[in-house]
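Containing compact mmCIF, C-alpha atoms (C1' of nucleotides): work06.txt.
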```txt
# COMPACT_ATOMS: atom_id res chain seq x y z
CA MET A 10 153.69 148.42 -52.49
CA VAL A 11 155.89 151.47 -52.21
CA GLN A 12 158.24 149.27 -50.26
CA ASP A 13 158.51 146.83 -53.17
CA SER A 14 159.49 149.63 -55.50
CA ILE A 15 162.09 150.87 -53.06
CA GLN A 16 163.53 147.38 -53.00
CA VAL A 17 163.86 147.47 -56.78
CA LEU A 18 165.66 150.80 -56.65
CA GLN A 19 168.10 149.53 -54.04
CA THR A 20 168.88 146.21 -55.68
CA GLN A 21 169.51 147.98 -58.98
CA GLY A 22 171.89 150.40 -57.35
CA TYR A 23 169.75 153.52 -57.48
CA LYS A 24 169.52 155.87 -54.54
CA VAL A 25 166.34 156.05 -52.55
CA THR A 26 165.85 159.78 -52.34
CA LYS A 27 163.10 161.90 -50.88
CA PRO A 28 161.80 163.01 -54.29
CA ARG A 29 161.64 159.40 -55.46
CA ARG A 30 159.74 158.35 -52.36
CA GLN A 31 157.31 161.20 -52.84
CA VAL A 32 156.60 160.37 -56.46
CA LEU A 33 156.15 156.72 -55.56
CA ALA A 34 153.66 157.65 -52.88
CA ILE A 35 151.65 159.80 -55.29
CA LEU A 36 151.59 157.13 -57.99
CA ASN A 37 150.48 154.54 -55.50
CA GLY A 38 147.73 156.70 -54.15
CA ALA A 39 146.38 157.65 -57.56
CA GLN A 40 143.39 156.06 -59.25
CA ARG A 41 144.00 157.76 -62.55
CA PRO A 42 146.92 158.42 -64.88
CA LEU A 43 148.95 161.42 -63.81
CA SER A 44 151.10 163.72 -65.88
CA PRO A 45 154.39 164.98 -64.46
CA TYR A 46 152.77 168.33 -63.79
CA ASP A 47 149.80 166.61 -62.15
CA ILE A 48 152.19 164.98 -59.76
CA GLN A 49 153.87 168.30 -59.07
CA ARG A 50 150.51 169.90 -58.31
CA LEU A 51 149.45 167.07 -56.00
CA LEU A 52 152.70 167.30 -54.10
CA ARG A 53 152.37 171.04 -53.82
CA GLN A 54 148.99 170.55 -52.15
CA GLN A 55 150.85 168.61 -49.48
CA GLY A 56 153.30 171.45 -49.08
CA LYS A 57 156.00 169.50 -50.93
CA HIS A 58 157.85 171.19 -53.75
CA LEU A 59 159.59 169.25 -56.50
CA ASN A 60 161.06 170.73 -59.62
CA HIS A 61 159.23 169.50 -62.69
CA VAL A 62 162.51 168.47 -64.32
CA THR A 63 163.16 166.17 -61.42
CA ILE A 64 159.75 164.59 -61.79
CA TYR A 65 160.30 163.98 -65.49
CA ARG A 66 163.58 162.26 -64.74
CA ILE A 67 162.16 160.19 -61.92
CA LEU A 68 159.30 159.00 -64.10
CA ASP A 69 161.72 158.09 -66.87
CA LEU A 70 163.69 156.02 -64.42
CA PHE A 71 160.59 154.34 -62.99
CA CYS A 72 159.41 153.40 -66.47
CA SER A 73 162.78 151.94 -67.36
CA LEU A 74 162.57 149.82 -64.18
CA ASN A 75 158.93 148.91 -64.82
CA LEU A 76 157.85 150.60 -61.64
CA ALA A 77 155.60 152.86 -63.64
CA HIS A 78 153.98 152.71 -67.01
CA LYS A 79 153.40 155.55 -69.42
CA LEU A 80 150.08 155.35 -71.19
CA LEU A 81 150.49 155.99 -74.86
CA SER A 82 146.94 157.19 -74.97
CA THR A 83 146.93 159.94 -72.40
CA GLY A 84 150.61 160.47 -71.85
CA GLY A 85 149.81 160.00 -68.19
CA PHE A 86 151.73 157.75 -65.85
CA VAL A 87 150.38 154.92 -63.72
CA LYS A 88 152.02 152.54 -61.38
CA CYS A 89 152.67 149.09 -62.82
CA VAL A 90 150.18 146.73 -61.27
CA LEU A 91 150.49 143.83 -63.66
CA GLY A 92 153.54 142.22 -65.13
CA ASP A 93 154.51 143.11 -68.65
CA LYS A 94 155.36 139.65 -69.87
CA GLU A 95 153.50 140.05 -73.14
CA GLY A 96 154.36 143.67 -73.80
CA CYS A 97 150.64 144.18 -73.64
CA HIS A 98 148.61 146.61 -71.56
CA ARG A 99 144.85 146.97 -71.41
CA PHE A 100 143.09 149.79 -69.67
CA MET A 101 139.62 151.02 -68.99
CA VAL A 102 139.40 154.74 -68.49
CA CYS A 103 136.24 156.39 -67.30
CA HIS A 104 135.71 159.58 -69.27
CA ARG A 105 133.60 161.00 -66.46
CA CYS A 106 135.73 160.58 -63.35
CA GLY A 107 139.04 159.71 -65.01
CA THR A 108 139.63 156.55 -63.00
CA LEU A 109 141.63 153.86 -64.61
CA GLN A 110 141.68 150.11 -64.28
CA GLU A 111 144.21 147.80 -65.80
CA PHE A 112 143.35 144.30 -66.88
CA ALA A 113 145.02 141.51 -68.77
CA ASP A 114 144.04 138.67 -71.01
CA GLU A 115 146.47 136.50 -72.84
CA GLY A 116 143.88 135.24 -75.27
CA LEU A 117 143.00 138.71 -76.50
CA CYS A 118 146.64 139.55 -76.69
CA GLN A 119 147.48 136.55 -78.84
CA GLU A 120 144.52 137.11 -81.12
CA GLU A 121 145.54 140.68 -81.68
CA ASN A 122 149.09 139.65 -82.45
CA GLU A 123 147.92 137.03 -84.93
CA PHE A 124 145.87 139.67 -86.63
CA THR A 125 148.73 142.02 -87.12
CA ARG A 126 150.93 139.16 -88.27
CA ASN A 127 148.50 138.69 -91.14
CA PHE A 128 149.50 142.19 -92.23
CA ASP A 129 153.13 141.15 -92.01
CA PHE A 130 153.49 143.44 -89.04
CA HIS A 131 155.71 142.46 -86.12
CA THR A 132 154.18 143.65 -82.87
CA LYS A 133 156.49 144.45 -79.98
CA TYR A 134 154.12 146.31 -77.74
CA HIS A 135 150.39 146.43 -77.57
CA LEU A 136 148.20 149.00 -75.92
CA SER A 137 144.47 148.76 -75.68
CA GLU A 138 142.31 151.39 -74.18
CA SER A 139 138.60 151.27 -73.61
CA SER A 140 137.05 154.55 -72.74
CA GLY A 141 133.55 154.77 -71.34
CA LEU A 142 131.82 154.80 -67.98
CA CYS A 143 132.87 152.96 -64.86
CA SER A 144 130.12 151.25 -62.87
CA ASN A 145 129.80 154.15 -60.44
CA CYS A 146 129.50 156.81 -63.08
CA TYR A 147 127.15 154.69 -65.16
CA ARG A 148 124.81 154.39 -62.20
CA LYS A 149 124.97 158.11 -61.49
CA GLN A 150 124.30 158.97 -65.12
CA HIS A 151 121.33 156.63 -65.07
CA GLN A 152 119.90 158.14 -61.91
CA LYS A 153 120.15 161.59 -63.42
CA GLN A 154 118.27 160.52 -66.53
CA GLY A 155 115.65 158.93 -64.31
CA ASN A 156 115.12 162.20 -62.42
CA ALA A 157 115.12 164.46 -65.48
CA MET B 27 139.34 161.03 -101.63
CA VAL B 28 139.89 164.72 -101.00
CA GLN B 29 136.89 165.27 -103.20
CA ASP B 30 134.72 163.11 -100.92
CA SER B 31 135.71 165.18 -97.93
CA ILE B 32 134.94 168.39 -99.77
CA GLN B 33 131.51 166.99 -100.51
CA VAL B 34 130.94 166.40 -96.82
CA LEU B 35 131.96 169.95 -95.99
CA GLN B 36 129.60 171.36 -98.59
CA THR B 37 126.60 169.24 -97.71
CA GLN B 38 127.02 170.11 -94.04
CA GLY B 39 127.12 173.81 -94.82
CA TYR B 40 130.82 174.43 -94.16
CA LYS B 41 132.89 176.58 -96.46
CA VAL B 42 135.51 174.98 -98.66
CA THR B 43 138.44 177.25 -98.00
CA LYS B 44 142.01 177.18 -99.19
CA PRO B 45 143.37 176.23 -95.73
CA ARG B 46 140.90 173.37 -95.46
CA ARG B 47 141.85 172.06 -98.88
CA GLN B 48 145.52 172.25 -97.97
CA VAL B 49 145.10 170.35 -94.72
CA LEU B 50 142.99 167.73 -96.48
CA ALA B 51 145.70 167.28 -99.08
CA ILE B 52 148.37 166.82 -96.44
CA LEU B 53 146.33 164.32 -94.45
CA ASN B 54 145.59 162.34 -97.57
CA GLY B 55 149.20 162.26 -98.63
CA ALA B 56 150.48 161.19 -95.21
CA GLN B 57 151.35 157.66 -94.18
CA ARG B 58 151.75 158.49 -90.54
CA PRO B 59 149.87 160.42 -87.86
CA LEU B 60 150.57 164.14 -88.02
CA SER B 61 150.39 166.71 -85.29
CA PRO B 62 149.03 170.17 -86.08
CA TYR B 63 152.57 171.52 -86.11
CA ASP B 64 153.69 168.65 -88.35
CA ILE B 65 151.09 169.75 -90.84
CA GLN B 66 152.23 173.34 -90.57
CA ARG B 67 155.82 172.30 -91.25
CA LEU B 68 154.88 170.15 -94.22
CA LEU B 69 152.88 172.97 -95.73
CA ARG B 70 155.72 175.40 -95.18
CA GLN B 71 157.98 173.12 -97.18
CA GLN B 72 155.59 173.70 -100.05
CA GLY B 73 155.78 177.42 -99.57
CA LYS B 74 152.32 177.52 -98.01
CA HIS B 75 151.87 179.31 -94.69
CA LEU B 76 149.02 178.53 -92.34
CA ASN B 77 148.65 179.84 -88.82
CA HIS B 78 148.82 177.02 -86.31
CA VAL B 79 145.60 178.18 -84.67
CA THR B 80 143.84 177.71 -87.97
CA ILE B 81 145.19 174.20 -88.29
CA TYR B 82 143.99 173.30 -84.80
CA ARG B 83 140.53 174.54 -85.63
CA ILE B 84 140.41 172.79 -88.98
CA LEU B 85 141.43 169.51 -87.40
CA ASP B 86 138.77 169.90 -84.71
CA LEU B 87 136.18 170.38 -87.40
CA PHE B 88 137.41 167.43 -89.45
CA CYS B 89 137.25 165.18 -86.42
CA SER B 90 133.73 166.27 -85.60
CA LEU B 91 132.76 165.41 -89.19
CA ASN B 92 134.67 162.14 -89.11
CA LEU B 93 136.95 163.29 -91.90
CA ALA B 94 139.92 162.84 -89.62
CA HIS B 95 140.65 160.86 -86.51
CA LYS B 96 142.78 161.86 -83.58
CA LEU B 97 144.86 159.03 -82.19
CA LEU B 98 144.65 158.91 -78.44
CA SER B 99 148.03 157.28 -78.41
CA THR B 100 150.16 159.78 -80.25
CA GLY B 101 147.91 162.79 -80.33
CA GLY B 102 148.53 162.76 -84.06
CA PHE B 103 145.83 163.05 -86.68
CA VAL B 104 145.08 160.66 -89.51
CA LYS B 105 142.46 160.70 -92.19
CA CYS B 106 139.52 158.44 -91.54
CA VAL B 107 139.83 155.43 -93.79
CA LEU B 108 137.39 153.10 -92.12
CA GLY B 109 133.94 153.76 -90.77
CA ASP B 110 133.48 154.21 -87.07
CA LYS B 111 130.37 152.12 -86.61
CA GLU B 112 131.70 150.37 -83.53
CA GLY B 113 133.48 153.29 -81.94
CA CYS B 114 136.53 151.16 -82.32
CA HIS B 115 139.85 151.92 -83.96
CA ARG B 116 142.83 149.63 -84.39
CA PHE B 117 146.21 150.77 -85.55
CA MET B 118 149.62 149.39 -86.26
CA VAL B 119 152.37 151.93 -85.86
CA CYS B 120 155.93 151.19 -86.90
CA HIS B 121 158.29 152.55 -84.28
CA ARG B 122 161.07 152.75 -86.84
CA CYS B 123 159.55 154.67 -89.75
CA GLY B 124 156.41 155.92 -88.06
CA THR B 125 154.03 154.62 -90.72
CA LEU B 126 150.56 153.75 -89.62
CA GLN B 127 147.99 151.29 -90.84
CA GLU B 128 144.43 151.07 -89.68
CA PHE B 129 142.55 147.81 -89.52
CA ALA B 130 139.25 146.60 -88.21
CA ASP B 131 137.78 143.44 -86.81
CA GLU B 132 134.36 143.18 -85.33
CA GLY B 133 135.13 139.95 -83.52
CA LEU B 134 138.02 141.42 -81.59
CA CYS B 135 135.95 144.47 -80.86
CA GLN B 136 133.08 142.47 -79.42
CA GLU B 137 135.38 140.29 -77.37
CA GLU B 138 137.03 143.30 -75.88
CA ASN B 139 133.68 144.84 -75.04
CA GLU B 140 132.51 141.64 -73.37
CA PHE B 141 135.64 141.65 -71.30
CA THR B 142 135.14 145.14 -70.00
CA ARG B 143 131.49 144.39 -69.35
CA ASN B 144 132.65 141.72 -66.91
CA PHE B 145 134.22 144.53 -64.95
CA ASP B 146 130.90 146.34 -65.05
CA PHE B 147 132.51 148.88 -67.32
CA HIS B 148 130.49 150.42 -70.14
CA THR B 149 132.73 150.99 -73.15
CA LYS B 150 131.89 153.80 -75.52
CA TYR B 151 135.07 154.00 -77.49
CA HIS B 152 137.88 151.60 -78.00
CA LEU B 153 141.37 152.25 -79.20
CA SER B 154 143.92 149.58 -79.85
CA GLU B 155 147.44 150.25 -80.89
CA SER B 156 150.08 147.75 -81.81
CA SER B 157 153.52 149.17 -82.02
CA GLY B 158 156.36 147.26 -83.63
CA LEU B 159 157.97 146.90 -87.02
CA CYS B 160 156.26 147.08 -90.38
CA SER B 161 157.28 144.50 -92.97
CA ASN B 162 159.76 146.85 -94.65
CA CYS B 163 161.52 147.84 -91.48
CA TYR B 164 161.54 144.30 -90.18
CA ARG B 165 163.33 143.20 -93.33
CA LYS B 166 165.84 146.03 -93.10
CA GLN B 167 166.54 145.31 -89.45
CA HIS B 168 167.08 141.67 -90.32
CA GLN B 169 169.48 142.46 -93.15
CA LYS B 170 171.49 144.67 -90.83
CA GLN B 171 171.77 141.94 -88.23
CA GLY B 172 172.81 139.52 -90.95
CA ASN B 173 175.62 141.83 -92.04
CA ALA B 174 176.79 142.69 -88.54
C1' DG C 6 181.80 163.03 -39.76
C1' DG C 7 183.69 163.32 -44.50
C1' DC C 8 183.90 161.76 -49.45
C1' DT C 9 182.07 161.16 -54.07
C1' DA C 10 179.15 159.87 -57.54
C1' DA C 11 174.47 160.23 -58.18
C1' DT C 12 170.68 163.11 -57.91
C1' DT C 13 168.26 167.34 -57.72
C1' DG C 14 167.41 172.32 -58.54
C1' DC C 15 167.78 176.18 -61.35
C1' DA C 16 167.71 178.96 -65.40
C1' DA C 17 166.87 179.36 -69.81
C1' DC C 18 164.74 177.81 -73.63
C1' DA C 19 161.79 175.08 -77.23
C1' DT C 20 157.52 173.21 -78.41
C1' DT C 21 152.73 172.69 -78.16
C1' DG C 22 148.11 174.27 -77.23
C1' DT C 23 144.45 178.13 -76.14
C1' DT C 24 141.72 182.55 -76.25
C1' DG C 25 139.86 187.06 -77.84
C1' DC C 26 139.50 190.10 -81.35
C1' DA C 27 140.51 192.29 -85.89
C1' DT C 28 140.74 191.09 -90.74
C1' DT C 29 139.73 188.44 -94.69
C1' DT C 30 137.05 185.43 -97.64
C1' DA C 31 133.59 181.85 -99.54
C1' DG C 32 129.20 181.57 -100.81
C1' DT C 33 124.95 183.97 -101.84
C1' DC C 34 122.03 187.33 -103.83
C1' DT C 35 121.21 190.79 -107.05
C1' DA D 15 130.65 190.88 -112.20
C1' DG D 16 130.01 193.51 -107.70
C1' DA D 17 128.25 193.86 -102.93
C1' DC D 18 126.88 191.70 -98.65
C1' DT D 19 127.43 188.81 -94.53
C1' DA D 20 128.33 185.08 -91.75
C1' DA D 21 131.98 182.12 -91.45
C1' DA D 22 136.68 181.40 -91.36
C1' DT D 23 141.35 182.91 -90.84
C1' DG D 24 145.28 185.55 -88.94
C1' DC D 25 147.40 187.80 -85.27
C1' DA D 26 149.01 188.70 -80.70
C1' DA D 27 149.49 187.37 -76.42
C1' DC D 28 149.52 183.93 -73.32
C1' DA D 29 149.48 179.25 -70.76
C1' DA D 30 151.08 174.71 -70.35
C1' DT D 31 154.23 171.15 -71.23
C1' DG D 32 158.93 169.31 -72.27
C1' DT D 33 164.10 169.63 -72.71
C1' DT D 34 169.11 170.77 -71.84
C1' DG D 35 173.39 172.19 -69.44
C1' DC D 36 175.41 173.23 -65.37
C1' DA D 37 175.77 174.34 -60.42
C1' DA D 38 174.36 172.84 -55.81
C1' DT D 39 172.86 169.20 -52.88
C1' DT D 40 172.48 164.61 -50.89
C1' DA D 41 172.33 159.35 -50.25
C1' DG D 42 175.17 155.74 -49.48
C1' DC D 43 179.73 154.57 -48.73
C1' DC D 44 184.10 154.63 -45.99
```
Let's see the structure in the file written out as C-alpha cells.
Amino acid sequence: MVQDSIQVLQTQGYKVTKPRRQVLAILNGAQRPLSPYDIQRLLRQQGKHLNHVTIYRILDLFCSLNLAHKLLSTGGFVKCVLGDKEGCHRFMVCHRCGTLQEFADEGLCQEENEFTRNFDFHTKYHLSESSGLCSNCYRKQHQKQGNA
Amino acid sequence: MVQDSIQVLQTQGYKVTKPRRQVLAILNGAQRPLSPYDIQRLLRQQGKHLNHVTIYRILDLFCSLNLAHKLLSTGGFVKCVLGDKEGCHRFMVCHRCGTLQEFADEGLCQEENEFTRNFDFHTKYHLSESSGLCSNCYRKQHQKQGNA
DNA sequence: GGCTAATTGCAACATTGTTGCATTTAGTCT
DNA sequence: AGACTAAATGCAACAATGTTGCAATTAGCC
C-alpha cells in the first residue's frame, strides 16, 4: 500500500523523503480522518518530529496526486482507497469512535447528479457523508442501555 | 423570515437582543455559508461591531434551535430553509461564486440510508454536498471559453 | 563523494476558536 | 417610567490551526 504510493511519487518525479514516508505510514495505519496536527502528534508519539508546515505541504502534494483525500466535512485527511473516477466520495463516520469507511455506488452518484442538473447546477465533485454509529459502537450502546 | 426566528426565540424563553437580530439579518441576507468571522466582517461594514465570541455563542444557540445550520463541509453557517425531519441535508455549492442552494429528496435520503445499513452502519445524520458551477457561473465560464 | 534542485525546517505571523469573569441589557414586576 | 435579575454580551487572555518567505538540508543524479 505504502509501496504503491511511493511508486507514484517516483514515477511522477517527486523525491521519496523520510517525512513523506512517515506521513504515508501514518495515513495508512489510520482508521479515521487525520488533521495535519493529528499526524504531527501521532508521529511525535513515535519519537519522530516533523514540522507542521512540512506536513501541510506533504498532504497538499498527496492530494494533488490522489494519494490522499481531504474530507470537506471534517477537514481531515484520509488515504485514497477507491478511485475517483466520478469525482464522488461517500463516507460513513462513526460519531462515537471516529472511524471512517469509504464506499462507492455509481447509481447513487448518477441520481444525485441528475437531481442537481434539474436545478441547472453543474456538479464537478460530490461528497456524501453519513454520520452515525458503526456496528461496534451500536452494539456497545445497546448493551449499555440493556444494563441501565 | 427574521420575524419567524424571533418568534422561536421568544416562545423558547430566549431574549431577543440586538446582536441576535443583527446575526439573523445577516444570515437571512446571505446567499452563501458564512463563518462567524465572516459575519463579524459583514456587520463591521455596516458600522456594527460585535465581539466574535458573541457571534460564536449566538450561532451555537441558533443551531440548537434549528434556526441555522452548520455545514460540515465548509464549517460555514446558513439559515435553515428546509425542515430537518430526516436528519438529512443536501447542498449545492458553486466553487466560483460561493453561492449555496439547499435541496431535499426523501428518495435519495432513504436509498443512502439503506446503503449504509448494508454495512451495518446506523446513520443518524446525512450530509451531501455537490460542488460545481451554478447556472450563472457556468454560463459565464462558457462565454469566456467562447471568446478565448 | 560531490552537485543541485527539490524538500524541509525555522521564524514570524495571520486567522480561527475557546474560556472565565466583569459588565451590560432584555424582560418582568411594581 | 424605574428598579430588579437572570440572561446575554464584551473583554482579555489564550490555544489551536494555517500561511509565507527564506535559510539549511537532503534525495537522486553524475
*Rank B:Lys166, B:Lys44, B:His78, B:Arg116 by their smallest atom-to-atom distance to chain A, using all atoms listed in the file, and report the top residue only.*
B:Arg116
_Interface residues on chain D facing chain A, 9 Å, all atoms listed in the file, written as a PyMOL selection string_ = chain D and resi 31-33+40-42
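For the set C:DT12, C:DT20, C:DT35, C:DT29, the residue with the smallest atom-to-atom gap to chain A is C:DT12, counting only C-alpha atoms (C1' of nucleotides).
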Neighbours of chain A in chain B at 6 Å, counting all atoms listed in the file, as a PDB file with C-alpha atoms, keeping the file's coordinate frame:
```pdb
ATOM      1  CA  LEU B  98     144.650 158.910 -78.440  1.00  0.00           C
ATOM      2  CA  SER B  99     148.030 157.280 -78.410  1.00  0.00           C
ATOM      3  CA  ASP B 146     130.900 146.340 -65.050  1.00  0.00           C
ATOM      4  CA  PHE B 147     132.510 148.880 -67.320  1.00  0.00           C
ATOM      5  CA  HIS B 148     130.490 150.420 -70.140  1.00  0.00           C
ATOM      6  CA  THR B 149     132.730 150.990 -73.150  1.00  0.00           C
ATOM      7  CA  LYS B 150     131.890 153.800 -75.520  1.00  0.00           C
ATOM      8  CA  TYR B 151     135.070 154.000 -77.490  1.00  0.00           C
ATOM      9  CA  HIS B 152     137.880 151.600 -78.000  1.00  0.00           C
ATOM     10  CA  LEU B 153     141.370 152.250 -79.200  1.00  0.00           C
ATOM     11  CA  SER B 154     143.920 149.580 -79.850  1.00  0.00           C
ATOM     12  CA  GLU B 155     147.440 150.250 -80.890  1.00  0.00           C
ATOM     13  CA  SER B 156     150.080 147.750 -81.810  1.00  0.00           C
ATOM     14  CA  SER B 157     153.520 149.170 -82.020  1.00  0.00           C
ATOM     15  CA  GLY B 158     156.360 147.260 -83.630  1.00  0.00           C
ATOM     16  CA  LEU B 159     157.970 146.900 -87.020  1.00  0.00           C
ATOM     17  CA  CYS B 160     156.260 147.080 -90.380  1.00  0.00           C
ATOM     18  CA  SER B 161     157.280 144.500 -92.970  1.00  0.00           C
TER      19      SER B 161
END
```
Show which residues sit within 12 Å of C:DA17, as a compact mmCIF listing (two decimals) with C-alpha atoms (C1' of nucleotides), keeping the file's coordinate frame. Count all atoms listed in the file, and ignore same-chain residues fewer than 5 positions away.
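That gives us selection.txt:
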```
# COMPACT_ATOMS: atom_id res chain seq x y z
C1' DT D 33 164.10 169.63 -72.71
C1' DT D 34 169.11 170.77 -71.84
C1' DG D 35 173.39 172.19 -69.44
C1' DC D 36 175.41 173.23 -65.37
```
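Using all atoms listed in the file, the set of residues no farther than 12 Å from the position (179.4, 163.2, -59.9) comprises DC8, DT9, DA10, DA11 and DT12 of chain C; DA37, DA38, DT39 and DT40 of chain D.
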Okay, now the selection with C-alpha atoms (C1' of nucleotides), as a CSV table (one decimal), in the coordinates of the input?
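Final output, selection25.csv:
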```csv
chain,number,residue,atom,x,y,z
C,8,DC,C1',183.9,161.8,-49.4
C,9,DT,C1',182.1,161.2,-54.1
C,10,DA,C1',179.2,159.9,-57.5
C,11,DA,C1',174.5,160.2,-58.2
C,12,DT,C1',170.7,163.1,-57.9
D,37,DA,C1',175.8,174.3,-60.4
D,38,DA,C1',174.4,172.8,-55.8
D,39,DT,C1',172.9,169.2,-52.9
D,40,DT,C1',172.5,164.6,-50.9
```
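Proximity to chain C was assessed for B:Leu93, B:Leu68, B:Leu126, B:Ile81 counting only C-alpha atoms (C1' of nucleotides); the smallest distance is recorded for B:Ile81.
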*atom C1' of C:DT23 and atom C1' of D:DA30, how far apart in Å?*
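We find that atom C1' of D:DA30 and atom C1' of C:DT23 lie 9.4 Å from each other.
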_Calculated over all atoms listed in the file, which of the candidates B:Phe103, B:Gln167, B:Glu140, B:Arg83 has the smallest distance to C:DG22?_
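Among the listed residues, the smallest separation from C:DG22 belongs to B:Arg83.
For the pair atom CA of A:Ala39 and atom CA of A:Ala77, the interatomic distance is 12.0 Å.
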*Selected residue of minimal separation from chain B among C:DT13, C:DT33, C:DT28, C:DT21, counting only C-alpha atoms (C1' of nucleotides)*: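 Closest to chain B of all the choices is C:DT21.
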*Using all atoms listed in the file, which residue out of B:Leu69, B:Gly133, B:Gly39, B:Lys105 lies closest to chain C?*
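That would be B:Gly39, the residue with the smallest distance to chain C.
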Write out as AutoDock Vina command-line options an axis-aligned box for stretch 11-30 of chain C: all of its atoms listed in the file, 6 Å added on each side, centre and edge lengths in Å with one decimal.
```
--center_x 155.8 --center_y 176.3 --center_z -77.7 --size_x 49.4 --size_y 44.1 --size_z 51.9
```
_What does the structure give for the distance between atom CA of A:Thr108 and atom CA of A:Gly38, in Å to one decimal?_
12.0 Å
